[in-house]
Amino acid sequence: MANKRDYYEVLGVEKGADDATIKKAYRQLAKKYHPDVNPGDKTAEDKFKEVNEAYQVLSNPEKRAQYDQFGPDGPQAGGFGGGGFGDFSGFGGGFGGFEDIFNMFTGGGFGGTGARRNGPVQGDDVRVDITISFEEAALGCEKEIKLVKDEECPTCHGSGAKPGTKVDTCPTCQGTGQERVVSSTPFGRIQNVRTCSRCRGTGKIITEPCDKCHGRGKLRVSKRHTVKVPAGVDNGQVLNIRGEGEPGEHGGAPGNLLIVVNVKRHPLFKRRDDDLYIDMPLTFTQAALGAKLDVPTLGKPVQYTFPEGTQPGQVFRLEGAGVQNLRNPARKGDLYVTVVVELPKKLTKQQKELLRQFEETATSSQYEKRKSFWDNLKDMFR
Ligand SMILES: [Zn+2]
Ligand SMILES: [Zn+2]
């Protein structure tokens, strides 16, 4: 339920807008983003869904009042289940104190009765984990995922009743979807309202269930889904694809598809936010003489000139050779190259001789650290 946009904002109207204004704004936007007008445009499709969701709430006086009071993350219509005292996690910050909660149970504090039980309920979110390579995360990719979820039964259109058969009003709850149960609590006897056990809150009794879904109104389907993973995504981030989760009930909006991205490690690169880090081995002659070397990046290697006298552990920054920012594609991180000077092992006789000759010609001023080390040592014993 998080990350919902403000419904008034979605429709581009003032908070106190009247019904005619809301309707007009909805019509204009629905026309603009309709899938028939924007074939294949995912952004338009998402907008269209968002606009519809907003209108569904703001065009219904009861839902709108509820929305105005609790905001987008407040209690959803029909969302009050079970009735135990431990079940408050989803209610958001709208309720002040215990009194409010108490009122809710006795049916006095919140809305009417019945109607909201069989009102629209948003579908559940569906979570899928994907694992992608380091490069795929940095550069973006498309991944095909397999999704097992419910879909509205096409035969009965979600009603669960065989087409053309009679649907009776539930005699236990008289169609309200709720039953009242009186129970004793430490606070006295209270009337507890809970989902009708006979019709499971639908308010209806199906006389002949649909053959295809056996009365469930939904079918379990396995679907392939191509997911566009944007460049710059990082390990553990979640892509939220609106409206692709489980279908809603009683005309509620569908849930979202949540894709949890796992990114594999890279053998050379490390990443922190948009910056990349790499250890670059140089031979001691390359470091001493300077060298033009190919530094690997996520794309083509970049030729970089390490200056004469490059030191072990020295860090060079290649601007813009990092990862593209997830939210702002114009921004790119940097690549930090840490020099690792490697000394040769198992020297030949001739190499050793050449190095000895070199050492004889070297002066103390050519070794800054060594010079200051011995100078400091001398001072200590003065
Ligand atoms: Zn069916
Ligand atoms: Zn019932």
# chains A, B, ... in the order shown; residues from 1 in each chain; ligands from 1
$ select_by_dssp --residues "range 127-320 of chain A" --states "helix (DSSP H, G or I)" --output "list of chain:residue names"
A:Phe134, A:Glu135, A:Glu136, A:Ala137, A:Ala138, A:Leu139, A:Phe284, A:Thr285, A:Gln286, A:Ala287, A:Ala288, A:Leu289
$ residues_near_ligand --ligand "ligand 1" --cutoff "6 Å" --atoms "only C-alpha atoms and all ligand atoms" --output "number ranges by chain"
A: 153, 155-156, 158, 160, 210, 212-213, 215, 217
$ closest_atom_pairs --of "chain A" --to "ligand 2" --cutoff "10 Å" --atoms "only C-alpha atoms and all ligand atoms" --output "tab-separated table"
residue	atom	partner	partner_atom_place_in_ligand_line	distance
A:Thr169	CA	ligand 2	1 (Zn)	7.8
A:Cys170	CA	ligand 2	1 (Zn)	4.5
A:Pro171	CA	ligand 2	1 (Zn)	6.5
A:Thr172	CA	ligand 2	1 (Zn)	5.0
A:Cys173	CA	ligand 2	1 (Zn)	4.1
A:Gln174	CA	ligand 2	1 (Zn)	6.4
A:Gly175	CA	ligand 2	1 (Zn)	5.8
A:Thr176	CA	ligand 2	1 (Zn)	6.6
A:Gly177	CA	ligand 2	1 (Zn)	4.7
A:Gln178	CA	ligand 2	1 (Zn)	6.3
A:Glu179	CA	ligand 2	1 (Zn)	7.3
A:Thr195	CA	ligand 2	1 (Zn)	7.8
A:Cys196	CA	ligand 2	1 (Zn)	4.6
A:Ser197	CA	ligand 2	1 (Zn)	6.5
A:Arg198	CA	ligand 2	1 (Zn)	5.0
A:Cys199	CA	ligand 2	1 (Zn)	4.1
A:Arg200	CA	ligand 2	1 (Zn)	6.4
A:Gly201	CA	ligand 2	1 (Zn)	5.8
A:Thr202	CA	ligand 2	1 (Zn)	6.6
A:Gly203	CA	ligand 2	1 (Zn)	4.5
A:Lys204	CA	ligand 2	1 (Zn)	6.5
A:Ile205	CA	ligand 2	1 (Zn)	7.7
$ write_last_selection --atoms "N, CA, C and O atoms" --output "CSV table (one decimal), in the first residue's frame"
chain,number,residue,atom,x,y,z
A,169,THR,N,-28.9,-13.8,-2.0
A,169,THR,CA,-28.3,-13.0,-0.9
A,169,THR,C,-28.1,-13.9,0.3
A,169,THR,O,-29.0,-14.7,0.6
A,170,CYS,N,-27.0,-13.8,0.9
A,170,CYS,CA,-26.6,-14.6,2.1
A,170,CYS,C,-27.6,-14.4,3.2
A,170,CYS,O,-27.8,-13.3,3.7
A,171,PRO,N,-28.3,-15.5,3.7
A,171,PRO,CA,-29.3,-15.3,4.7
A,171,PRO,C,-28.7,-15.1,6.1
A,171,PRO,O,-29.4,-14.5,6.9
A,172,THR,N,-27.5,-15.5,6.3
A,172,THR,CA,-26.8,-15.3,7.6
A,172,THR,C,-26.6,-13.8,7.9
A,172,THR,O,-26.8,-13.3,8.9
A,173,CYS,N,-26.1,-13.1,6.8
A,173,CYS,CA,-25.7,-11.7,7.0
A,173,CYS,C,-26.6,-10.8,6.2
A,173,CYS,O,-26.3,-9.6,6.2
A,174,GLN,N,-27.6,-11.3,5.6
A,174,GLN,CA,-28.5,-10.5,4.8
A,174,GLN,C,-27.7,-9.7,3.7
A,174,GLN,O,-28.1,-8.5,3.4
A,175,GLY,N,-26.7,-10.2,3.3
A,175,GLY,CA,-25.9,-9.6,2.2
A,175,GLY,C,-24.9,-8.5,2.6
A,175,GLY,O,-24.2,-8.0,1.8
A,176,THR,N,-24.8,-8.3,3.9
A,176,THR,CA,-23.8,-7.3,4.4
A,176,THR,C,-22.4,-7.8,4.4
A,176,THR,O,-21.4,-7.1,4.4
A,177,GLY,N,-22.3,-9.2,4.4
A,177,GLY,CA,-20.9,-9.7,4.5
A,177,GLY,C,-20.3,-9.8,5.9
A,177,GLY,O,-19.2,-10.2,6.1
A,178,GLN,N,-21.1,-9.3,6.9
A,178,GLN,CA,-20.6,-9.2,8.3
A,178,GLN,C,-21.6,-10.0,9.2
A,178,GLN,O,-22.8,-9.9,9.0
A,179,GLU,N,-21.0,-10.5,10.2
A,179,GLU,CA,-21.9,-11.0,11.3
A,179,GLU,C,-21.4,-10.4,12.6
A,179,GLU,O,-20.2,-10.1,12.8
A,195,THR,N,-16.1,-10.9,9.5
A,195,THR,CA,-16.5,-11.4,8.2
A,195,THR,C,-17.5,-12.6,8.4
A,195,THR,O,-17.3,-13.5,9.1
A,196,CYS,N,-18.6,-12.5,7.6
A,196,CYS,CA,-19.6,-13.6,7.7
A,196,CYS,C,-18.9,-14.9,7.3
A,196,CYS,O,-18.3,-15.0,6.3
A,197,SER,N,-19.2,-15.9,8.2
A,197,SER,CA,-18.5,-17.2,8.0
A,197,SER,C,-19.2,-18.0,6.8
A,197,SER,O,-18.6,-18.8,6.2
A,198,ARG,N,-20.5,-17.7,6.6
A,198,ARG,CA,-21.2,-18.5,5.6
A,198,ARG,C,-20.8,-18.1,4.2
A,198,ARG,O,-20.5,-18.9,3.3
A,199,CYS,N,-20.8,-16.8,3.9
A,199,CYS,CA,-20.5,-16.3,2.6
A,199,CYS,C,-19.1,-15.8,2.4
A,199,CYS,O,-18.7,-15.3,1.4
A,200,ARG,N,-18.3,-15.9,3.5
A,200,ARG,CA,-16.9,-15.4,3.6
A,200,ARG,C,-16.9,-13.9,3.1
A,200,ARG,O,-15.9,-13.5,2.4
A,201,GLY,N,-17.9,-13.1,3.5
A,201,GLY,CA,-17.8,-11.7,3.3
A,201,GLY,C,-18.4,-11.2,2.0
A,201,GLY,O,-18.4,-10.0,1.7
A,202,THR,N,-18.7,-12.1,1.1
A,202,THR,CA,-19.2,-11.7,-0.2
A,202,THR,C,-20.7,-11.2,-0.1
A,202,THR,O,-21.1,-10.5,-1.0
A,203,GLY,N,-21.4,-11.7,0.9
A,203,GLY,CA,-22.8,-11.3,1.0
A,203,GLY,C,-23.7,-12.1,0.0
A,203,GLY,O,-24.9,-11.9,0.0
A,204,LYS,N,-23.1,-13.0,-0.7
A,204,LYS,CA,-23.9,-13.8,-1.7
A,204,LYS,C,-23.7,-15.3,-1.6
A,204,LYS,O,-22.6,-15.7,-1.1
A,205,ILE,N,-24.7,-16.0,-1.9
A,205,ILE,CA,-24.6,-17.5,-2.0
A,205,ILE,C,-24.8,-17.9,-3.4
A,205,ILE,O,-25.8,-17.6,-4.0
$ residues_around --residues "Val167 in chain A" --least-positions-apart "4" --cutoff "10 Å" --atoms "only C-alpha atoms" --output "PyMOL selection string"
chain A and resi 159-162+204-209
$ residues_around --residues "range 239-247 of chain A" --least-positions-apart "2" --cutoff "8 Å" --atoms "only C-alpha atoms" --output "ChimeraX atom specification"
/A:46,49,122-126,149-152,229,237,249,252-261
$ write_last_selection --atoms "N, CA and C atoms" --output "CSV table (one decimal), in the first residue's frame"
chain,number,residue,atom,x,y,z
A,46,ASP,N,0.2,2.5,-17.3
A,46,ASP,CA,0.3,2.7,-15.9
A,46,ASP,C,-0.5,3.9,-15.4
A,49,LYS,N,-4.2,3.2,-15.5
A,49,LYS,CA,-4.6,2.5,-14.3
A,49,LYS,C,-4.7,3.4,-13.1
A,122,GLN,N,-8.3,-4.3,-2.7
A,122,GLN,CA,-7.1,-4.3,-3.6
A,122,GLN,C,-6.5,-5.7,-3.6
A,123,GLY,N,-6.1,-6.2,-4.7
A,123,GLY,CA,-5.4,-7.5,-4.8
A,123,GLY,C,-4.1,-7.5,-4.1
A,124,ASP,N,-3.6,-8.7,-3.8
A,124,ASP,CA,-2.3,-8.8,-3.1
A,124,ASP,C,-1.2,-8.5,-4.0
A,125,ASP,N,-0.1,-8.1,-3.4
A,125,ASP,CA,1.1,-7.9,-4.2
A,125,ASP,C,1.8,-9.3,-4.5
A,126,VAL,N,2.4,-9.4,-5.6
A,126,VAL,CA,3.1,-10.7,-5.9
A,126,VAL,C,4.6,-10.4,-5.9
A,149,LYS,N,0.1,-16.7,-10.7
A,149,LYS,CA,-0.8,-15.8,-9.9
A,149,LYS,C,-2.3,-16.1,-10.3
A,150,ASP,N,-3.2,-15.5,-9.6
A,150,ASP,CA,-4.6,-15.6,-9.9
A,150,ASP,C,-5.0,-14.6,-11.0
A,151,GLU,N,-5.9,-15.0,-11.8
A,151,GLU,CA,-6.5,-14.1,-12.8
A,151,GLU,C,-8.0,-14.3,-12.8
A,152,GLU,N,-8.7,-13.2,-13.0
A,152,GLU,CA,-10.1,-13.3,-13.0
A,152,GLU,C,-10.6,-14.4,-14.0
A,229,VAL,N,14.5,-4.1,-16.6
A,229,VAL,CA,15.3,-3.7,-15.5
A,229,VAL,C,16.1,-2.4,-15.8
A,237,GLN,N,17.4,-3.9,-4.4
A,237,GLN,CA,16.3,-2.9,-4.7
A,237,GLN,C,15.1,-3.7,-5.3
A,249,GLU,N,-10.7,-7.7,-5.5
A,249,GLU,CA,-12.0,-8.3,-5.3
A,249,GLU,C,-13.1,-7.3,-5.3
A,252,GLY,N,-12.1,-4.1,-6.9
A,252,GLY,CA,-10.9,-3.4,-6.4
A,252,GLY,C,-9.8,-3.5,-7.4
A,253,ALA,N,-8.8,-2.6,-7.2
A,253,ALA,CA,-7.6,-2.5,-8.1
A,253,ALA,C,-6.8,-3.7,-7.9
A,254,PRO,N,-6.0,-4.2,-8.9
A,254,PRO,CA,-5.1,-5.3,-8.7
A,254,PRO,C,-3.9,-4.9,-7.8
A,255,GLY,N,-3.3,-5.9,-7.2
A,255,GLY,CA,-2.0,-5.6,-6.5
A,255,GLY,C,-0.9,-5.3,-7.4
A,256,ASN,N,0.3,-5.1,-6.9
A,256,ASN,CA,1.4,-4.8,-7.7
A,256,ASN,C,2.4,-6.0,-7.8
A,257,LEU,N,3.2,-6.0,-8.8
A,257,LEU,CA,4.2,-7.0,-8.9
A,257,LEU,C,5.5,-6.4,-8.4
A,258,LEU,N,6.1,-7.0,-7.4
A,258,LEU,CA,7.3,-6.5,-6.8
A,258,LEU,C,8.4,-7.4,-7.2
A,259,ILE,N,9.4,-6.9,-7.8
A,259,ILE,CA,10.6,-7.7,-8.3
A,259,ILE,C,11.8,-7.3,-7.5
A,260,VAL,N,12.2,-8.3,-6.7
A,260,VAL,CA,13.4,-8.0,-5.8
A,260,VAL,C,14.7,-8.4,-6.6
A,261,VAL,N,15.5,-7.4,-6.8
A,261,VAL,CA,16.7,-7.6,-7.7
A,261,VAL,C,17.9,-8.1,-6.8
$ atom_distance --atom1 "CA of Lys143 in chain A" --atom2 "CA of Pro39 in chain A"
21.4 Å
$ atom_distance --atom1 "CA of Gly333 in chain A" --atom2 "CA of Arg271 in chain A"
9.8 Å
$ atom_distance --atom1 "CA of Gln286 in chain A" --atom2 "CA of Gln351 in chain A"
15.8 Å
$ residues_around --residues "range 52-63 of chain A" --least-positions-apart "6" --cutoff "7 Å" --atoms "only C-alpha atoms" --output "list in words"
Tyr7, Val10, Asp19, Tyr26 and Ala253 of chain A
$ residues_around --residues "range 317-320 of chain A" --least-positions-apart "5" --cutoff "7 Å" --atoms "only C-alpha atoms" --output "PyMOL selection string"
chain A and resi 332-337
$ select_by_dssp --residues "range 139-293 of chain A" --states "strand (DSSP E)" --output "ChimeraX atom specification"
/A:141-152,167-169,178-185,188-195,204-206,218-229,238-241,257-263,270-272,275-283,291-293
$ write_last_selection --atoms "C-alpha atoms" --output "CSV table (one decimal), in the first residue's frame"
chain,number,residue,atom,x,y,z
A,141,CYS,CA,18.5,-5.4,-19.2
A,142,GLU,CA,15.3,-7.2,-20.0
A,143,LYS,CA,14.5,-10.4,-18.1
A,144,GLU,CA,11.8,-12.9,-18.6
A,145,ILE,CA,10.2,-14.1,-15.5
A,146,LYS,CA,7.6,-16.8,-14.8
A,147,LEU,CA,4.7,-15.7,-12.6
A,148,VAL,CA,2.1,-17.9,-11.0
A,149,LYS,CA,-0.8,-15.8,-9.9
A,150,ASP,CA,-4.6,-15.6,-9.9
A,151,GLU,CA,-6.5,-14.1,-12.8
A,152,GLU,CA,-10.1,-13.3,-13.0
A,167,VAL,CA,-27.1,-15.7,-7.0
A,168,ASP,CA,-28.9,-15.5,-3.6
A,169,THR,CA,-28.3,-13.0,-0.9
A,178,GLN,CA,-20.6,-9.2,8.3
A,179,GLU,CA,-21.9,-11.0,11.3
A,180,ARG,CA,-22.0,-9.6,14.8
A,181,VAL,CA,-20.6,-11.6,17.6
A,182,VAL,CA,-20.7,-10.6,21.3
A,183,SER,CA,-17.6,-11.5,23.2
A,184,SER,CA,-16.3,-10.9,26.7
A,185,THR,CA,-13.1,-8.9,27.0
A,188,GLY,CA,-16.4,-5.7,29.2
A,189,ARG,CA,-18.7,-7.3,26.7
A,190,ILE,CA,-18.3,-5.9,23.3
A,191,GLN,CA,-20.0,-6.5,20.0
A,192,ASN,CA,-17.4,-7.7,17.6
A,193,VAL,CA,-18.1,-7.4,13.9
A,194,ARG,CA,-16.5,-10.0,11.7
A,195,THR,CA,-16.5,-11.4,8.2
A,204,LYS,CA,-23.9,-13.8,-1.7
A,205,ILE,CA,-24.6,-17.5,-2.0
A,206,ILE,CA,-23.8,-19.0,-5.3
A,218,LYS,CA,-10.3,-16.8,-10.1
A,219,LEU,CA,-8.0,-19.1,-11.9
A,220,ARG,CA,-4.4,-19.9,-11.1
A,221,VAL,CA,-2.3,-19.2,-14.2
A,222,SER,CA,1.3,-19.3,-15.0
A,223,LYS,CA,2.4,-16.3,-17.0
A,224,ARG,CA,5.6,-15.2,-18.6
A,225,HIS,CA,6.4,-11.6,-18.1
A,226,THR,CA,9.2,-9.5,-19.6
A,227,VAL,CA,10.6,-7.1,-17.1
A,228,LYS,CA,12.6,-4.1,-18.1
A,229,VAL,CA,15.3,-3.7,-15.5
A,238,VAL,CA,12.7,-3.6,-5.5
A,239,LEU,CA,11.0,-2.8,-8.8
A,240,ASN,CA,7.4,-2.1,-8.4
A,241,ILE,CA,5.2,-2.8,-11.4
A,257,LEU,CA,4.2,-7.0,-8.9
A,258,LEU,CA,7.3,-6.5,-6.8
A,259,ILE,CA,10.6,-7.7,-8.3
A,260,VAL,CA,13.4,-8.0,-5.8
A,261,VAL,CA,16.7,-7.6,-7.7
A,262,ASN,CA,19.7,-9.7,-6.6
A,263,VAL,CA,23.0,-8.6,-8.3
A,270,LYS,CA,33.2,-3.3,-6.6
A,271,ARG,CA,30.3,-0.8,-6.5
A,272,ARG,CA,29.2,1.8,-4.0
A,275,ASP,CA,30.7,4.7,-8.2
A,276,LEU,CA,32.9,1.8,-9.2
A,277,TYR,CA,36.2,0.6,-7.7
A,278,ILE,CA,38.9,-1.5,-9.3
A,279,ASP,CA,42.4,-2.6,-8.2
A,280,MET,CA,44.8,-2.2,-11.1
A,281,PRO,CA,48.1,-4.2,-11.0
A,282,LEU,CA,51.2,-2.4,-12.4
A,283,THR,CA,54.6,-3.8,-12.6
A,291,ALA,CA,52.7,3.6,-18.5
A,292,LYS,CA,49.7,3.9,-20.9
A,293,LEU,CA,47.4,1.0,-20.0
$ residues_around --residues "range 131-139 of chain A" --least-positions-apart "4" --cutoff "7 Å" --atoms "only C-alpha atoms" --output "NGL selection string"
:A and (231-234 or 261-266 or 298 or 323-324)
$ write_last_selection --atoms "N, CA, C and O atoms" --output "PDB file, in the first residue's frame"
ATOM      1  N   ALA A 231      18.735   0.679 -16.006  1.00  0.00           N
ATOM      2  CA  ALA A 231      20.164   0.816 -15.727  1.00  0.00           C
ATOM      3  C   ALA A 231      20.354   1.510 -14.383  1.00  0.00           C
ATOM      4  O   ALA A 231      19.622   2.435 -14.056  1.00  0.00           O
ATOM      5  N   GLY A 232      21.324   1.024 -13.616  1.00  0.00           N
ATOM      6  CA  GLY A 232      21.643   1.667 -12.341  1.00  0.00           C
ATOM      7  C   GLY A 232      21.000   1.012 -11.137  1.00  0.00           C
ATOM      8  O   GLY A 232      21.210   1.425 -10.004  1.00  0.00           O
ATOM      9  N   VAL A 233      20.212  -0.028 -11.364  1.00  0.00           N
ATOM     10  CA  VAL A 233      19.577  -0.725 -10.245  1.00  0.00           C
ATOM     11  C   VAL A 233      20.678  -1.411  -9.422  1.00  0.00           C
ATOM     12  O   VAL A 233      21.731  -1.753  -9.938  1.00  0.00           O
ATOM     13  N   ASP A 234      20.438  -1.526  -8.118  1.00  0.00           N
ATOM     14  CA  ASP A 234      21.479  -2.100  -7.262  1.00  0.00           C
ATOM     15  C   ASP A 234      20.930  -3.302  -6.493  1.00  0.00           C
ATOM     16  O   ASP A 234      19.722  -3.501  -6.413  1.00  0.00           O
ATOM     17  N   VAL A 261      15.537  -7.442  -6.783  1.00  0.00           N
ATOM     18  CA  VAL A 261      16.696  -7.647  -7.654  1.00  0.00           C
ATOM     19  C   VAL A 261      17.923  -8.076  -6.833  1.00  0.00           C
ATOM     20  O   VAL A 261      18.326  -7.382  -5.906  1.00  0.00           O
ATOM     21  N   ASN A 262      18.459  -9.224  -7.182  1.00  0.00           N
ATOM     22  CA  ASN A 262      19.735  -9.663  -6.605  1.00  0.00           C
ATOM     23  C   ASN A 262      20.805  -9.495  -7.673  1.00  0.00           C
ATOM     24  O   ASN A 262      20.620  -9.935  -8.798  1.00  0.00           O
ATOM     25  N   VAL A 263      21.896  -8.843  -7.302  1.00  0.00           N
ATOM     26  CA  VAL A 263      22.966  -8.602  -8.275  1.00  0.00           C
ATOM     27  C   VAL A 263      24.177  -9.447  -7.905  1.00  0.00           C
ATOM     28  O   VAL A 263      24.635  -9.432  -6.760  1.00  0.00           O
ATOM     29  N   LYS A 264      24.694 -10.188  -8.887  1.00  0.00           N
ATOM     30  CA  LYS A 264      25.882 -11.037  -8.656  1.00  0.00           C
ATOM     31  C   LYS A 264      27.122 -10.170  -8.470  1.00  0.00           C
ATOM     32  O   LYS A 264      27.201  -9.058  -8.995  1.00  0.00           O
ATOM     33  N   ARG A 265      28.088 -10.723  -7.767  1.00  0.00           N
ATOM     34  CA  ARG A 265      29.351 -10.020  -7.590  1.00  0.00           C
ATOM     35  C   ARG A 265      30.129 -10.023  -8.897  1.00  0.00           C
ATOM     36  O   ARG A 265      29.944 -10.906  -9.727  1.00  0.00           O
ATOM     37  N   HIS A 266      31.014  -9.043  -9.023  1.00  0.00           N
ATOM     38  CA  HIS A 266      31.882  -8.980 -10.197  1.00  0.00           C
ATOM     39  C   HIS A 266      33.291  -9.350  -9.774  1.00  0.00           C
ATOM     40  O   HIS A 266      33.717  -8.984  -8.676  1.00  0.00           O
ATOM     41  N   LEU A 298      32.881  -0.704 -17.642  1.00  0.00           N
ATOM     42  CA  LEU A 298      31.713  -1.536 -17.951  1.00  0.00           C
ATOM     43  C   LEU A 298      31.497  -1.647 -19.460  1.00  0.00           C
ATOM     44  O   LEU A 298      30.892  -2.591 -19.937  1.00  0.00           O
ATOM     45  N   VAL A 323      28.570   3.989 -12.835  1.00  0.00           N
ATOM     46  CA  VAL A 323      27.251   3.475 -13.194  1.00  0.00           C
ATOM     47  C   VAL A 323      26.273   4.638 -13.385  1.00  0.00           C
ATOM     48  O   VAL A 323      26.315   5.617 -12.646  1.00  0.00           O
ATOM     49  N   GLN A 324      25.408   4.477 -14.366  1.00  0.00           N
ATOM     50  CA  GLN A 324      24.367   5.474 -14.618  1.00  0.00           C
ATOM     51  C   GLN A 324      23.414   5.527 -13.427  1.00  0.00           C
ATOM     52  O   GLN A 324      23.016   4.500 -12.898  1.00  0.00           O
TER      53      GLN A 324
END
$ decode --residues "range 321-342 of chain A" --atoms "N, CA and C atoms" --output "PDB file, in the first residue's frame"
ATOM      1  N   ALA A 321      32.987   7.209 -15.559  1.00  0.00           N
ATOM      2  CA  ALA A 321      33.124   5.814 -16.010  1.00  0.00           C
ATOM      3  C   ALA A 321      32.434   4.861 -15.030  1.00  0.00           C
ATOM      4  N   GLY A 322      31.603   5.409 -14.140  1.00  0.00           N
ATOM      5  CA  GLY A 322      30.875   4.560 -13.190  1.00  0.00           C
ATOM      6  C   GLY A 322      29.524   4.143 -13.735  1.00  0.00           C
ATOM      7  N   VAL A 323      28.570   3.989 -12.835  1.00  0.00           N
ATOM      8  CA  VAL A 323      27.251   3.475 -13.194  1.00  0.00           C
ATOM      9  C   VAL A 323      26.273   4.638 -13.385  1.00  0.00           C
ATOM     10  N   GLN A 324      25.408   4.477 -14.366  1.00  0.00           N
ATOM     11  CA  GLN A 324      24.367   5.474 -14.618  1.00  0.00           C
ATOM     12  C   GLN A 324      23.414   5.527 -13.427  1.00  0.00           C
ATOM     13  N   ASN A 325      23.061   6.724 -13.035  1.00  0.00           N
ATOM     14  CA  ASN A 325      22.143   6.892 -11.899  1.00  0.00           C
ATOM     15  C   ASN A 325      20.746   6.392 -12.250  1.00  0.00           C
ATOM     16  N   LEU A 326      20.171   5.632 -11.326  1.00  0.00           N
ATOM     17  CA  LEU A 326      18.867   5.007 -11.581  1.00  0.00           C
ATOM     18  C   LEU A 326      17.777   6.034 -11.861  1.00  0.00           C
ATOM     19  N   ARG A 327      17.796   7.143 -11.108  1.00  0.00           N
ATOM     20  CA  ARG A 327      16.724   8.126 -11.242  1.00  0.00           C
ATOM     21  C   ARG A 327      17.041   9.221 -12.248  1.00  0.00           C
ATOM     22  N   ASN A 328      18.314   9.496 -12.438  1.00  0.00           N
ATOM     23  CA  ASN A 328      18.705  10.540 -13.371  1.00  0.00           C
ATOM     24  C   ASN A 328      19.742   9.998 -14.355  1.00  0.00           C
ATOM     25  N   PRO A 329      19.264   9.518 -15.511  1.00  0.00           N
ATOM     26  CA  PRO A 329      20.162   8.868 -16.471  1.00  0.00           C
ATOM     27  C   PRO A 329      21.273   9.785 -16.980  1.00  0.00           C
ATOM     28  N   ALA A 330      21.114  11.081 -16.795  1.00  0.00           N
ATOM     29  CA  ALA A 330      22.150  12.001 -17.261  1.00  0.00           C
ATOM     30  C   ALA A 330      23.347  11.992 -16.307  1.00  0.00           C
ATOM     31  N   ARG A 331      23.126  11.481 -15.111  1.00  0.00           N
ATOM     32  CA  ARG A 331      24.201  11.483 -14.122  1.00  0.00           C
ATOM     33  C   ARG A 331      24.877  10.131 -14.087  1.00  0.00           C
ATOM     34  N   LYS A 332      26.234  10.194 -14.026  1.00  0.00           N
ATOM     35  CA  LYS A 332      26.973   8.934 -13.957  1.00  0.00           C
ATOM     36  C   LYS A 332      27.982   8.996 -12.839  1.00  0.00           C
ATOM     37  N   GLY A 333      28.230   7.848 -12.236  1.00  0.00           N
ATOM     38  CA  GLY A 333      29.250   7.766 -11.196  1.00  0.00           C
ATOM     39  C   GLY A 333      30.639   7.740 -11.800  1.00  0.00           C
ATOM     40  N   ASP A 334      31.655   7.646 -10.950  1.00  0.00           N
ATOM     41  CA  ASP A 334      33.045   7.629 -11.403  1.00  0.00           C
ATOM     42  C   ASP A 334      33.656   6.254 -11.169  1.00  0.00           C
ATOM     43  N   LEU A 335      34.787   6.049 -11.830  1.00  0.00           N
ATOM     44  CA  LEU A 335      35.533   4.807 -11.605  1.00  0.00           C
ATOM     45  C   LEU A 335      36.818   5.157 -10.861  1.00  0.00           C
ATOM     46  N   TYR A 336      37.014   4.568  -9.695  1.00  0.00           N
ATOM     47  CA  TYR A 336      38.217   4.801  -8.898  1.00  0.00           C
ATOM     48  C   TYR A 336      39.178   3.640  -9.101  1.00  0.00           C
ATOM     49  N   VAL A 337      40.361   3.976  -9.605  1.00  0.00           N
ATOM     50  CA  VAL A 337      41.359   2.952  -9.909  1.00  0.00           C
ATOM     51  C   VAL A 337      42.467   3.004  -8.853  1.00  0.00           C
ATOM     52  N   THR A 338      42.589   1.931  -8.084  1.00  0.00           N
ATOM     53  CA  THR A 338      43.635   1.864  -7.071  1.00  0.00           C
ATOM     54  C   THR A 338      44.815   1.062  -7.623  1.00  0.00           C
ATOM     55  N   VAL A 339      45.977   1.680  -7.595  1.00  0.00           N
ATOM     56  CA  VAL A 339      47.161   1.027  -8.161  1.00  0.00           C
ATOM     57  C   VAL A 339      47.730   0.006  -7.181  1.00  0.00           C
ATOM     58  N   VAL A 340      47.946  -1.192  -7.684  1.00  0.00           N
ATOM     59  CA  VAL A 340      48.621  -2.232  -6.913  1.00  0.00           C
ATOM     60  C   VAL A 340      49.937  -2.518  -7.631  1.00  0.00           C
ATOM     61  N   VAL A 341      51.055  -2.156  -6.987  1.00  0.00           N
ATOM     62  CA  VAL A 341      52.347  -2.393  -7.635  1.00  0.00           C
ATOM     63  C   VAL A 341      52.818  -3.791  -7.283  1.00  0.00           C
ATOM     64  N   GLU A 342      53.085  -4.555  -8.311  1.00  0.00           N
ATOM     65  CA  GLU A 342      53.492  -5.936  -8.077  1.00  0.00           C
ATOM     66  C   GLU A 342      54.989  -6.081  -8.321  1.00  0.00           C
TER      67      GLU A 342
END
